[in-house]
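Structure file coords.cif with mmCIF, C-alpha atoms:
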```
data_target
loop_
_atom_site.group_PDB
_atom_site.id
_atom_site.type_symbol
_atom_site.label_atom_id
_atom_site.label_comp_id
_atom_site.auth_asym_id
_atom_site.auth_seq_id
_atom_site.Cartn_x
_atom_site.Cartn_y
_atom_site.Cartn_z
ATOM 1 C CA MET X 1 -30.158 -56.968 124.297
ATOM 2 C CA ALA X 2 -31.665 -53.765 122.879
ATOM 3 C CA ASP X 3 -30.615 -54.724 119.348
ATOM 4 C CA LYS X 4 -32.972 -57.722 119.583
ATOM 5 C CA ILE X 5 -36.022 -55.518 120.010
ATOM 6 C CA GLY X 6 -38.076 -54.762 116.899
ATOM 7 C CA ARG X 7 -38.664 -51.077 116.200
ATOM 8 C CA PHE X 8 -39.230 -48.562 113.450
ATOM 9 C CA LYS X 9 -35.966 -47.270 112.017
ATOM 10 C CA ASN X 10 -36.801 -43.679 113.009
ATOM 11 C CA ASP X 11 -39.616 -41.423 114.206
ATOM 12 C CA GLU X 12 -40.552 -40.494 110.644
ATOM 13 C CA ALA X 13 -41.049 -44.170 109.725
ATOM 14 C CA ARG X 14 -43.272 -44.717 112.770
ATOM 15 C CA ALA X 15 -45.334 -41.604 112.008
ATOM 16 C CA ALA X 16 -45.823 -42.674 108.385
ATOM 17 C CA HIS X 17 -46.996 -46.103 109.487
ATOM 18 C CA ASP X 18 -49.330 -44.655 112.125
ATOM 19 C CA ARG X 19 -50.985 -42.507 109.459
ATOM 20 C CA ALA X 20 -51.373 -45.457 107.082
ATOM 21 C CA TYR X 21 -52.660 -47.649 109.933
ATOM 22 C CA GLY X 22 -55.277 -45.027 110.791
ATOM 23 C CA GLU X 23 -56.454 -44.940 107.180
ATOM 24 C CA LEU X 24 -56.654 -48.740 107.028
ATOM 25 C CA GLU X 25 -58.703 -48.830 110.238
ATOM 26 C CA GLN X 26 -61.529 -47.198 108.309
ATOM 27 C CA LEU X 27 -62.026 -50.431 106.347
ATOM 28 C CA TRP X 28 -62.831 -52.502 109.461
ATOM 29 C CA PRO X 29 -66.528 -53.255 108.872
ATOM 30 C CA LEU X 30 -67.678 -54.127 112.407
ATOM 31 C CA PRO X 31 -67.815 -52.312 115.744
ATOM 32 C CA ALA X 32 -64.558 -52.938 117.601
ATOM 33 C CA GLU X 33 -63.153 -52.582 121.081
ATOM 34 C CA LEU X 34 -59.459 -51.795 121.296
ATOM 35 C CA TYR X 35 -57.061 -52.984 123.998
ATOM 36 C CA ASN X 36 -53.389 -52.531 124.777
ATOM 37 C CA ILE X 37 -52.476 -55.533 126.904
ATOM 38 C CA PRO X 38 -49.256 -55.311 128.951
ATOM 39 C CA THR X 39 -46.920 -58.312 128.761
ATOM 40 C CA ARG X 40 -43.308 -58.847 129.778
ATOM 41 C CA PHE X 41 -42.385 -58.233 126.107
ATOM 42 C CA GLY X 42 -44.281 -54.964 125.738
ATOM 43 C CA SER X 43 -47.800 -53.714 125.112
ATOM 44 C CA THR X 44 -49.875 -55.780 122.641
ATOM 45 C CA HIS X 45 -52.535 -54.045 120.570
ATOM 46 C CA VAL X 46 -55.756 -56.064 120.205
ATOM 47 C CA ARG X 47 -58.968 -55.430 118.259
ATOM 48 C CA ARG X 48 -62.121 -57.250 119.410
ATOM 49 C CA SER X 49 -65.266 -57.727 117.331
ATOM 50 C CA GLY X 50 -68.274 -60.019 117.441
ATOM 51 C CA SER X 51 -69.917 -61.989 120.222
ATOM 52 C CA GLY X 52 -71.139 -65.478 120.980
ATOM 53 C CA THR X 53 -71.056 -68.318 123.463
ATOM 54 C CA GLY X 54 -68.394 -70.456 121.804
ATOM 55 C CA ALA X 55 -64.688 -70.176 122.526
ATOM 56 C CA PRO X 56 -63.258 -67.021 120.934
ATOM 57 C CA ILE X 57 -61.051 -66.947 117.861
ATOM 58 C CA VAL X 58 -57.640 -65.279 117.828
ATOM 59 C CA LEU X 59 -56.358 -64.121 114.430
ATOM 60 C CA LEU X 60 -52.608 -63.859 113.710
ATOM 61 C CA HIS X 61 -51.626 -61.883 110.640
ATOM 62 C CA PRO X 62 -49.037 -62.451 107.882
ATOM 63 C CA PHE X 63 -45.813 -60.514 107.329
ATOM 64 C CA PRO X 64 -45.492 -57.544 106.932
ATOM 65 C CA GLY X 65 -49.065 -56.882 107.948
ATOM 66 C CA ASN X 66 -50.895 -56.259 111.218
ATOM 67 C CA GLY X 67 -54.223 -57.232 112.764
ATOM 68 C CA LEU X 68 -56.096 -55.046 110.283
ATOM 69 C CA TYR X 69 -55.210 -57.568 107.565
ATOM 70 C CA TRP X 70 -58.335 -59.467 108.617
ATOM 71 C CA HIS X 71 -60.772 -56.654 107.743
ATOM 72 C CA ARG X 72 -61.800 -58.531 104.581
ATOM 73 C CA PHE X 73 -62.777 -61.655 106.519
ATOM 74 C CA ILE X 74 -63.769 -60.505 109.999
ATOM 75 C CA GLU X 75 -67.519 -60.535 109.320
ATOM 76 C CA ASP X 76 -67.437 -64.262 108.571
ATOM 77 C CA PHE X 77 -65.196 -65.158 111.501
ATOM 78 C CA ALA X 78 -67.179 -63.009 113.943
ATOM 79 C CA ARG X 79 -70.658 -64.058 112.826
ATOM 80 C CA ASP X 80 -71.359 -65.951 116.076
ATOM 81 C CA ARG X 81 -68.121 -65.681 118.052
ATOM 82 C CA THR X 82 -65.928 -63.116 119.716
ATOM 83 C CA VAL X 83 -62.818 -62.563 117.608
ATOM 84 C CA TYR X 84 -59.540 -60.966 118.653
ATOM 85 C CA ALA X 85 -57.186 -59.661 115.949
ATOM 86 C CA LEU X 86 -53.692 -59.138 117.368
ATOM 87 C CA ASP X 87 -50.830 -56.970 116.200
ATOM 88 C CA THR X 88 -48.131 -59.579 116.762
ATOM 89 C CA VAL X 89 -45.183 -58.680 118.966
ATOM 90 C CA GLY X 90 -42.077 -58.055 116.887
ATOM 91 C CA ALA X 91 -44.023 -56.868 113.818
ATOM 92 C CA ALA X 92 -45.062 -53.460 112.498
ATOM 93 C CA GLY X 93 -48.307 -52.262 114.025
ATOM 94 C CA ARG X 94 -49.408 -50.691 117.270
ATOM 95 C CA THR X 95 -47.908 -53.351 119.490
ATOM 96 C CA ILE X 96 -44.838 -51.883 121.187
ATOM 97 C CA GLN X 97 -42.039 -54.352 121.882
ATOM 98 C CA THR X 98 -39.835 -53.551 124.888
ATOM 99 C CA ALA X 99 -37.983 -56.833 125.461
ATOM 100 C CA PRO X 100 -36.538 -59.546 123.187
ATOM 101 C CA VAL X 101 -38.935 -62.328 122.215
ATOM 102 C CA GLY X 102 -37.357 -65.559 121.030
ATOM 103 C CA GLU X 103 -39.173 -68.512 119.537
ATOM 104 C CA GLN X 104 -39.657 -70.154 122.915
ATOM 105 C CA ASN X 105 -41.293 -66.970 124.274
ATOM 106 C CA PHE X 106 -44.261 -66.744 121.906
ATOM 107 C CA ALA X 107 -46.369 -69.146 123.970
ATOM 108 C CA VAL X 108 -45.623 -67.032 127.064
ATOM 109 C CA TRP X 109 -46.537 -63.855 125.169
ATOM 110 C CA PHE X 110 -49.778 -65.436 123.911
ATOM 111 C CA ASP X 111 -50.776 -66.679 127.365
ATOM 112 C CA GLU X 112 -50.142 -63.257 128.892
ATOM 113 C CA VAL X 113 -52.234 -61.533 126.215
ATOM 114 C CA MET X 114 -55.064 -64.008 126.751
ATOM 115 C CA ALA X 115 -54.864 -63.577 130.515
ATOM 116 C CA GLY X 116 -55.018 -59.813 130.098
ATOM 117 C CA LEU X 117 -58.149 -60.204 127.978
ATOM 118 C CA GLY X 118 -59.705 -62.626 130.451
ATOM 119 C CA VAL X 119 -59.748 -65.440 127.866
ATOM 120 C CA GLU X 120 -59.289 -68.915 129.330
ATOM 121 C CA TRP X 121 -58.889 -70.725 126.021
ATOM 122 C CA ALA X 122 -59.231 -69.897 122.337
ATOM 123 C CA HIS X 123 -58.999 -71.144 118.775
ATOM 124 C CA VAL X 124 -56.025 -69.624 116.950
ATOM 125 C CA VAL X 125 -56.054 -68.975 113.202
ATOM 126 C CA GLY X 126 -52.875 -67.820 111.483
ATOM 127 C CA TYR X 127 -52.019 -67.088 107.869
ATOM 128 C CA SER X 128 -48.493 -67.330 106.389
ATOM 129 C CA GLN X 129 -46.124 -65.807 108.995
ATOM 130 C CA GLY X 130 -49.073 -65.820 111.377
ATOM 131 C CA SER X 131 -49.379 -69.577 110.931
ATOM 132 C CA TRP X 132 -45.738 -69.907 111.997
ATOM 133 C CA THR X 133 -46.505 -67.863 115.110
ATOM 134 C CA ALA X 134 -49.519 -70.060 115.838
ATOM 135 C CA ALA X 135 -47.515 -73.247 115.309
ATOM 136 C CA ILE X 136 -44.752 -71.987 117.620
ATOM 137 C CA ILE X 137 -47.348 -71.251 120.308
ATOM 138 C CA ALA X 138 -48.656 -74.806 119.940
ATOM 139 C CA LEU X 139 -45.156 -76.313 119.939
ATOM 140 C CA HIS X 140 -44.123 -74.576 123.138
ATOM 141 C CA GLY X 141 -47.177 -75.699 124.998
ATOM 142 C CA SER X 142 -49.728 -72.971 125.566
ATOM 143 C CA ARG X 143 -52.500 -74.444 127.734
ATOM 144 C CA ARG X 144 -54.989 -71.912 126.366
ATOM 145 C CA LEU X 145 -55.264 -73.479 122.894
ATOM 146 C CA ALA X 146 -58.529 -75.126 121.922
ATOM 147 C CA SER X 147 -57.312 -75.624 118.341
ATOM 148 C CA VAL X 148 -54.901 -74.217 115.777
ATOM 149 C CA SER X 149 -55.700 -73.519 112.118
ATOM 150 C CA LEU X 150 -52.673 -72.836 109.920
ATOM 151 C CA ILE X 151 -53.272 -71.292 106.494
ATOM 152 C CA GLU X 152 -50.262 -71.746 104.209
ATOM 153 C CA PRO X 153 -47.787 -72.628 106.975
ATOM 154 C CA GLY X 154 -44.071 -72.970 106.297
ATOM 155 C CA VAL X 155 -43.265 -75.239 109.236
ATOM 156 C CA PHE X 156 -43.577 -78.563 107.411
ATOM 157 C CA THR X 157 -41.313 -77.959 104.378
ATOM 158 C CA LYS X 158 -38.759 -75.327 103.421
ATOM 159 C CA MET X 159 -39.564 -72.332 101.276
ATOM 160 C CA LYS X 160 -37.755 -72.488 97.936
ATOM 161 C CA LEU X 161 -34.659 -70.283 98.017
ATOM 162 C CA ARG X 162 -35.562 -68.627 94.722
ATOM 163 C CA VAL X 163 -38.830 -67.494 96.290
ATOM 164 C CA LEU X 164 -37.065 -66.017 99.308
ATOM 165 C CA PHE X 165 -34.424 -64.257 97.192
ATOM 166 C CA LYS X 166 -37.000 -62.719 94.848
ATOM 167 C CA ALA X 167 -39.097 -61.533 97.772
ATOM 168 C CA ILE X 168 -36.030 -59.892 99.356
ATOM 169 C CA ARG X 169 -34.988 -58.311 96.063
ATOM 170 C CA LEU X 170 -38.375 -56.757 95.321
ATOM 171 C CA SER X 171 -38.991 -55.581 98.892
ATOM 172 C CA ALA X 172 -35.521 -53.983 99.020
ATOM 173 C CA ARG X 173 -36.948 -51.246 96.761
ATOM 174 C CA PRO X 174 -40.467 -50.842 98.173
ATOM 175 C CA THR X 175 -41.992 -48.866 95.330
ATOM 176 C CA ASP X 176 -45.684 -49.324 94.646
ATOM 177 C CA ALA X 177 -44.814 -51.116 91.415
ATOM 178 C CA ASN X 178 -42.407 -53.545 93.105
ATOM 179 C CA LEU X 179 -44.762 -54.304 95.972
ATOM 180 C CA ARG X 180 -47.652 -54.979 93.613
ATOM 181 C CA LYS X 181 -45.387 -57.147 91.454
ATOM 182 C CA LEU X 182 -44.349 -59.112 94.544
ATOM 183 C CA SER X 183 -47.961 -59.523 95.638
ATOM 184 C CA GLU X 184 -49.131 -60.631 92.193
ATOM 185 C CA TRP X 185 -46.310 -63.183 91.951
ATOM 186 C CA LEU X 186 -46.378 -64.610 95.460
ATOM 187 C CA THR X 187 -50.115 -64.337 96.105
ATOM 188 C CA PRO X 188 -51.932 -64.422 92.750
ATOM 189 C CA GLY X 189 -55.620 -63.729 93.149
ATOM 190 C CA SER X 190 -55.067 -61.319 96.032
ATOM 191 C CA GLN X 191 -56.208 -57.798 95.097
ATOM 192 C CA LEU X 192 -54.770 -55.282 97.550
ATOM 193 C CA ASP X 193 -56.672 -52.036 98.040
ATOM 194 C CA ASP X 194 -54.746 -48.770 98.170
ATOM 195 C CA LYS X 195 -54.993 -48.407 101.962
ATOM 196 C CA THR X 196 -53.660 -51.916 102.550
ATOM 197 C CA MET X 197 -50.824 -51.296 100.106
ATOM 198 C CA ALA X 198 -49.917 -48.029 101.821
ATOM 199 C CA CYS X 199 -49.813 -49.744 105.221
ATOM 200 C CA LEU X 200 -47.666 -52.586 103.865
ATOM 201 C CA LYS X 201 -45.301 -50.096 102.265
ATOM 202 C CA THR X 202 -44.770 -48.159 105.490
ATOM 203 C CA ALA X 203 -44.299 -51.445 107.407
ATOM 204 C CA ILE X 204 -41.030 -51.875 105.495
ATOM 205 C CA GLY X 205 -39.690 -49.186 107.831
ATOM 206 C CA TYR X 206 -40.006 -51.570 110.783
ATOM 207 C CA GLN X 207 -36.888 -53.504 111.724
ATOM 208 C CA SER X 208 -38.067 -56.880 112.996
ATOM 209 C CA THR X 209 -35.815 -59.243 114.928
ATOM 210 C CA VAL X 210 -38.181 -62.220 114.980
ATOM 211 C CA GLY X 211 -36.625 -63.984 111.980
ATOM 212 C CA TRP X 212 -38.050 -66.324 109.355
ATOM 213 C CA PRO X 213 -40.118 -69.474 109.921
ATOM 214 C CA ARG X 214 -38.212 -72.730 110.259
ATOM 215 C CA VAL X 215 -39.223 -76.294 109.495
ATOM 216 C CA PHE X 216 -40.239 -78.353 112.516
ATOM 217 C CA LYS X 217 -38.500 -81.651 113.190
ATOM 218 C CA ASP X 218 -40.488 -84.890 113.302
ATOM 219 C CA ALA X 219 -40.210 -85.118 117.081
ATOM 220 C CA GLU X 220 -41.435 -81.533 117.459
ATOM 221 C CA LEU X 221 -44.529 -82.252 115.376
ATOM 222 C CA GLN X 222 -45.190 -85.364 117.448
ATOM 223 C CA SER X 223 -45.120 -83.286 120.628
ATOM 224 C CA ILE X 224 -47.927 -80.911 119.559
ATOM 225 C CA SER X 225 -51.099 -81.819 121.421
ATOM 226 C CA ALA X 226 -53.469 -79.111 120.136
ATOM 227 C CA PRO X 227 -55.859 -80.170 117.340
ATOM 228 C CA THR X 228 -54.318 -78.694 114.190
ATOM 229 C CA LEU X 229 -55.709 -77.988 110.734
ATOM 230 C CA ALA X 230 -53.324 -77.006 107.929
ATOM 231 C CA ILE X 231 -54.665 -75.483 104.705
ATOM 232 C CA PHE X 232 -52.683 -75.161 101.474
ATOM 233 C CA GLY X 233 -53.090 -74.066 97.892
ATOM 234 C CA SER X 234 -51.781 -76.777 95.576
ATOM 235 C CA GLU X 235 -49.782 -74.217 93.568
ATOM 236 C CA SER X 236 -48.252 -72.492 96.591
ATOM 237 C CA LEU X 237 -44.793 -70.966 96.202
ATOM 238 C CA GLY X 238 -44.331 -70.863 99.964
ATOM 239 C CA CYS X 239 -44.094 -74.590 100.648
ATOM 240 C CA ASP X 240 -44.562 -78.108 99.248
ATOM 241 C CA PRO X 241 -48.240 -78.826 100.002
ATOM 242 C CA ALA X 242 -48.167 -82.558 99.176
ATOM 243 C CA ARG X 243 -45.065 -83.226 101.264
ATOM 244 C CA SER X 244 -46.485 -81.054 104.070
ATOM 245 C CA ALA X 245 -49.697 -83.092 104.121
ATOM 246 C CA GLN X 246 -47.653 -86.289 104.263
ATOM 247 C CA ARG X 247 -45.659 -85.075 107.256
ATOM 248 C CA ILE X 248 -48.854 -84.024 109.019
ATOM 249 C CA ALA X 249 -50.372 -87.475 108.490
ATOM 250 C CA GLU X 250 -47.210 -89.211 109.693
ATOM 251 C CA HIS X 251 -46.209 -87.069 112.666
ATOM 252 C CA LEU X 252 -48.950 -84.719 113.919
ATOM 253 C CA PRO X 253 -51.072 -86.683 116.418
ATOM 254 C CA TYR X 254 -54.158 -84.463 116.192
ATOM 255 C CA GLY X 255 -53.523 -83.017 112.740
ATOM 256 C CA GLU X 256 -55.379 -82.881 109.466
ATOM 257 C CA SER X 257 -54.804 -81.046 106.213
ATOM 258 C CA GLU X 258 -56.685 -79.668 103.236
ATOM 259 C CA ILE X 259 -55.179 -78.862 99.821
ATOM 260 C CA TYR X 260 -57.211 -76.740 97.403
ATOM 261 C CA PRO X 261 -56.425 -77.535 93.738
ATOM 262 C CA GLY X 262 -55.299 -74.658 91.527
ATOM 263 C CA MET X 263 -54.902 -72.212 94.409
ATOM 264 C CA GLY X 264 -51.697 -70.461 95.472
ATOM 265 C CA HIS X 265 -50.274 -68.901 98.618
ATOM 266 C CA ALA X 266 -53.241 -66.492 98.642
ATOM 267 C CA VAL X 267 -55.725 -69.338 98.986
ATOM 268 C CA LEU X 268 -57.648 -67.434 101.669
ATOM 269 C CA ASP X 269 -58.047 -64.395 99.404
ATOM 270 C CA GLN X 270 -58.842 -66.538 96.376
ATOM 271 C CA ILE X 271 -61.576 -68.728 97.857
ATOM 272 C CA PRO X 272 -62.612 -67.385 101.272
ATOM 273 C CA GLU X 273 -66.057 -68.899 100.727
ATOM 274 C CA GLN X 274 -64.418 -72.342 100.966
ATOM 275 C CA VAL X 275 -61.527 -71.757 103.342
ATOM 276 C CA ILE X 276 -63.364 -69.920 106.117
ATOM 277 C CA PRO X 277 -66.224 -72.471 106.424
ATOM 278 C CA ARG X 278 -63.607 -75.242 106.516
ATOM 279 C CA VAL X 279 -61.812 -73.496 109.376
ATOM 280 C CA LEU X 280 -65.039 -72.752 111.248
ATOM 281 C CA SER X 281 -66.175 -76.369 110.879
ATOM 282 C CA PHE X 282 -62.865 -77.556 112.338
ATOM 283 C CA ILE X 283 -63.201 -75.071 115.190
ATOM 284 C CA ALA X 284 -66.729 -76.281 115.954
ATOM 285 C CA GLN X 285 -65.467 -79.858 116.229
ATOM 286 C CA HIS X 286 -63.078 -78.802 119.003
ATOM 287 C CA ASP X 287 -65.220 -76.239 120.753
ATOM 288 C CA HIS X 288 -64.924 -77.740 124.202
ATOM 289 C CA LEU X 289 -62.654 -77.180 127.149
ATOM 290 C CA PRO X 290 -59.436 -79.009 126.243
ATOM 291 C CA ALA X 291 -58.642 -81.972 128.453
ATOM 292 C CA ALA X 292 -55.071 -83.149 128.883
ATOM 293 C CA ARG X 293 -53.919 -84.871 125.729
ATOM 294 C CA GLY X 294 -51.235 -87.479 125.980
#
```
Conversion result in structure tokens:
Amino acid sequence: MADKIGRFKNDEARAAHDRAYGELEQLWPLPAELYNIPTRFGSTHVRRSGSGTGAPIVLLHPFPGNGLYWHRFIEDFARDRTVYALDTVGAAGRTIQTAPVGEQNFAVWFDEVMAGLGVEWAHVVGYSQGSWTAAIIALHGSRRLASVSLIEPGVFTKMKLRVLFKAIRLSARPTDANLRKLSEWLTPGSQLDDKTMACLKTAIGYQSTVGWPRVFKDAELQSISAPTLAIFGSESLGCDPARSAQRIAEHLPYGESEIYPGMGHAVLDQIPEQVIPRVLSFIAQHDHLPAARG
């Protein structure tokens, strides 16, 4: 089972990422408390900022990032709430995986992290790969979910194969030029600073075993009871926004969607002044202790 545990390919790769992570930490604009929460899958690194009386927000990052991805947006999310940014298990960061984590285990992992933090229930916000993680947590029935907000999720329609192949080809040679070319193509409008780019580059040295997002079946969507918001850019390369919105309307009992015209996969980076208020408004609508939903 050891081969199913994500890890850096060698000590040098881990050290390089730790250095880049430390540099990127300097961009976090708010005071933060750091936790390493033990779970059956390893120790999960968590960064807490903000305060407030509403249910906290949990942020799940994209691939190949970590919880520090949210440094550009944390001030808005944490304006009147406690916010937890997680380094997801099975991804590069300061979370240390010690046991295999399959799709069905993410809800268990999430619940154990929340229990370790003393959080009874929370709103989860995920972007790209993080939205897949959030959707998996909702699918497998975490009872700690107040709501789920998915930014550019790939669980409603398949990613185009040409997109996947180009991403693999460019990331196979992780030069600065190739990584910037990949970012500019896949997420136009997203300007990566040098510290973020350095951390992404060293994350290539992490060998993840989590796998790629898959499309949920109709029956799976129908089984999700957590209120769910899905946000898309109309020009996204990662999914089919119109078809995704249709499936949400047809099969997600407590789901709604928003498509922003002219935006791409980096819709959050392109128009945070629209996306974040939309997410926070949705969260406010569901900011009560979840009752059983049938």
*Would you list the contacts of Leu150 (chain X) as a count of residues only, taking every protein, DNA or RNA residue within 9 Å and counting only C-alpha atoms, but skipping same-chain residues closer than 2 positions in sequence?*
18
*Any chance you could resolve the PyMOL selection byres ((chain X and resi 31) around 9) against this file and give the residues as a list of chain:residue names?*
X:Trp28, X:Pro29, X:Leu30, X:Ala32, X:Glu33, X:Arg48, X:Ser49, X:Gly50
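Using all atoms listed in the file, the residues found no farther than 10 Å from Gly42 (chain X), other than those of its own chain fewer than 2 positions away, are Asn36, Ile37, Pro38, Thr39, Arg40, Thr44, His45, Val89, Gly90, Thr95, Ile96, Gln97, Thr98, Ala99, Pro100, Val101 and Trp109 of chain X.
Shell of Ala15 (chain X) at 12 Å, with only C-alpha atoms counted and residues fewer than 4 places along the chain excluded, is Phe8, Lys9, Asn10, Asp11, Arg19, Ala20, Tyr21, Gly22, Ala92, Gly93, Arg94, Cys199, Thr202, Ala203, Gly205 and Tyr206 of chain X.
The nearest approach to Thr209 (chain X) among the residues X:Phe73, X:Ile248, X:Ala91, X:Glu25, with only C-alpha atoms taken into account, belongs to X:Ala91.
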*Which residue gives the smallest distance to Gly6 (chain X) among X:Ala138, X:Leu60, X:Thr88, X:Met159, with all atoms listed in the file counted?*
X:Thr88
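Coordinates place CA of Leu117 (chain X) at a distance of 25.8 Å from CA of His17 (chain X).
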*asked:* Take the PyMOL selection byres ((chain X and resi 259-263) around 10), run it mentally on this structure, and tell me the resulting residues as JSON, numbers by chain.
replied: {"X": [152, 187, 188, 189, 230, 231, 232, 233, 234, 235, 236, 241, 242, 244, 245, 257, 258, 264, 265, 266, 267, 268, 269, 270, 271, 274, 275]}
Report as a tab-separated table the residues of region 87-171 of chain X within 7 Å of region 278-290 of chain X, each with its shortest atom pair and distance in Å (one decimal), using all atoms listed in the file, ordered by chain and increasing residue number.
```
residue	atom	partner	partner_atom	distance
X:His123	CA	X:Ile283	CA	6.8
X:Ala146	CA	X:Pro290	CA	5.9
X:Ser147	CA	X:His286	CA	6.6
X:Ser149	CA	X:Val279	CA	6.7
```
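Straight-line separation from CA of Val155 (chain X) to CA of Val108 (chain X): 19.8 Å.
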Put the listed atoms of region 121-132 of chain X in a box along x, y and z with 4 Å added on every side and give me the centre and edge lengths in Å to one decimal, as JSON.
```
{"center_x": -52.5, "center_y": -68.5, "center_z": 116.2, "size_x": 21.5, "size_y": 13.3, "size_z": 27.6}
```
*Evaluate the PyMOL selection byres ((chain X and resi 220) around 12) here and jot the selected residues down as number ranges by chain.*
X: 135-136, 138-141, 155-156, 214-219, 221-225, 247-248, 251-253
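For the residues X:Thr82, X:Arg144, X:Pro64, X:Glu112, ranking by smallest atom-to-atom distance to Met197 (chain X) using only C-alpha atoms places X:Pro64 first.
The space between CA of Arg7 (chain X) and CA of Gln207 (chain X) spans 5.4 Å.
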Excluding Trp212 (chain X) and any residue of its chain fewer than 5 positions from it, enumerate the residues within 10 Å of it, using all atoms listed in the file, and give them as a PDB file with C-alpha atoms, in the frame of the given file.
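Below is the file part_25.pdb, written as the result:
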```pdb
ATOM      1  CA  PHE X  63     -45.813 -60.514 107.329  1.00  0.00           C
ATOM      2  CA  GLN X 129     -46.124 -65.807 108.995  1.00  0.00           C
ATOM      3  CA  TRP X 132     -45.738 -69.907 111.997  1.00  0.00           C
ATOM      4  CA  GLY X 154     -44.071 -72.970 106.297  1.00  0.00           C
TER       5      GLY X 154
END
```
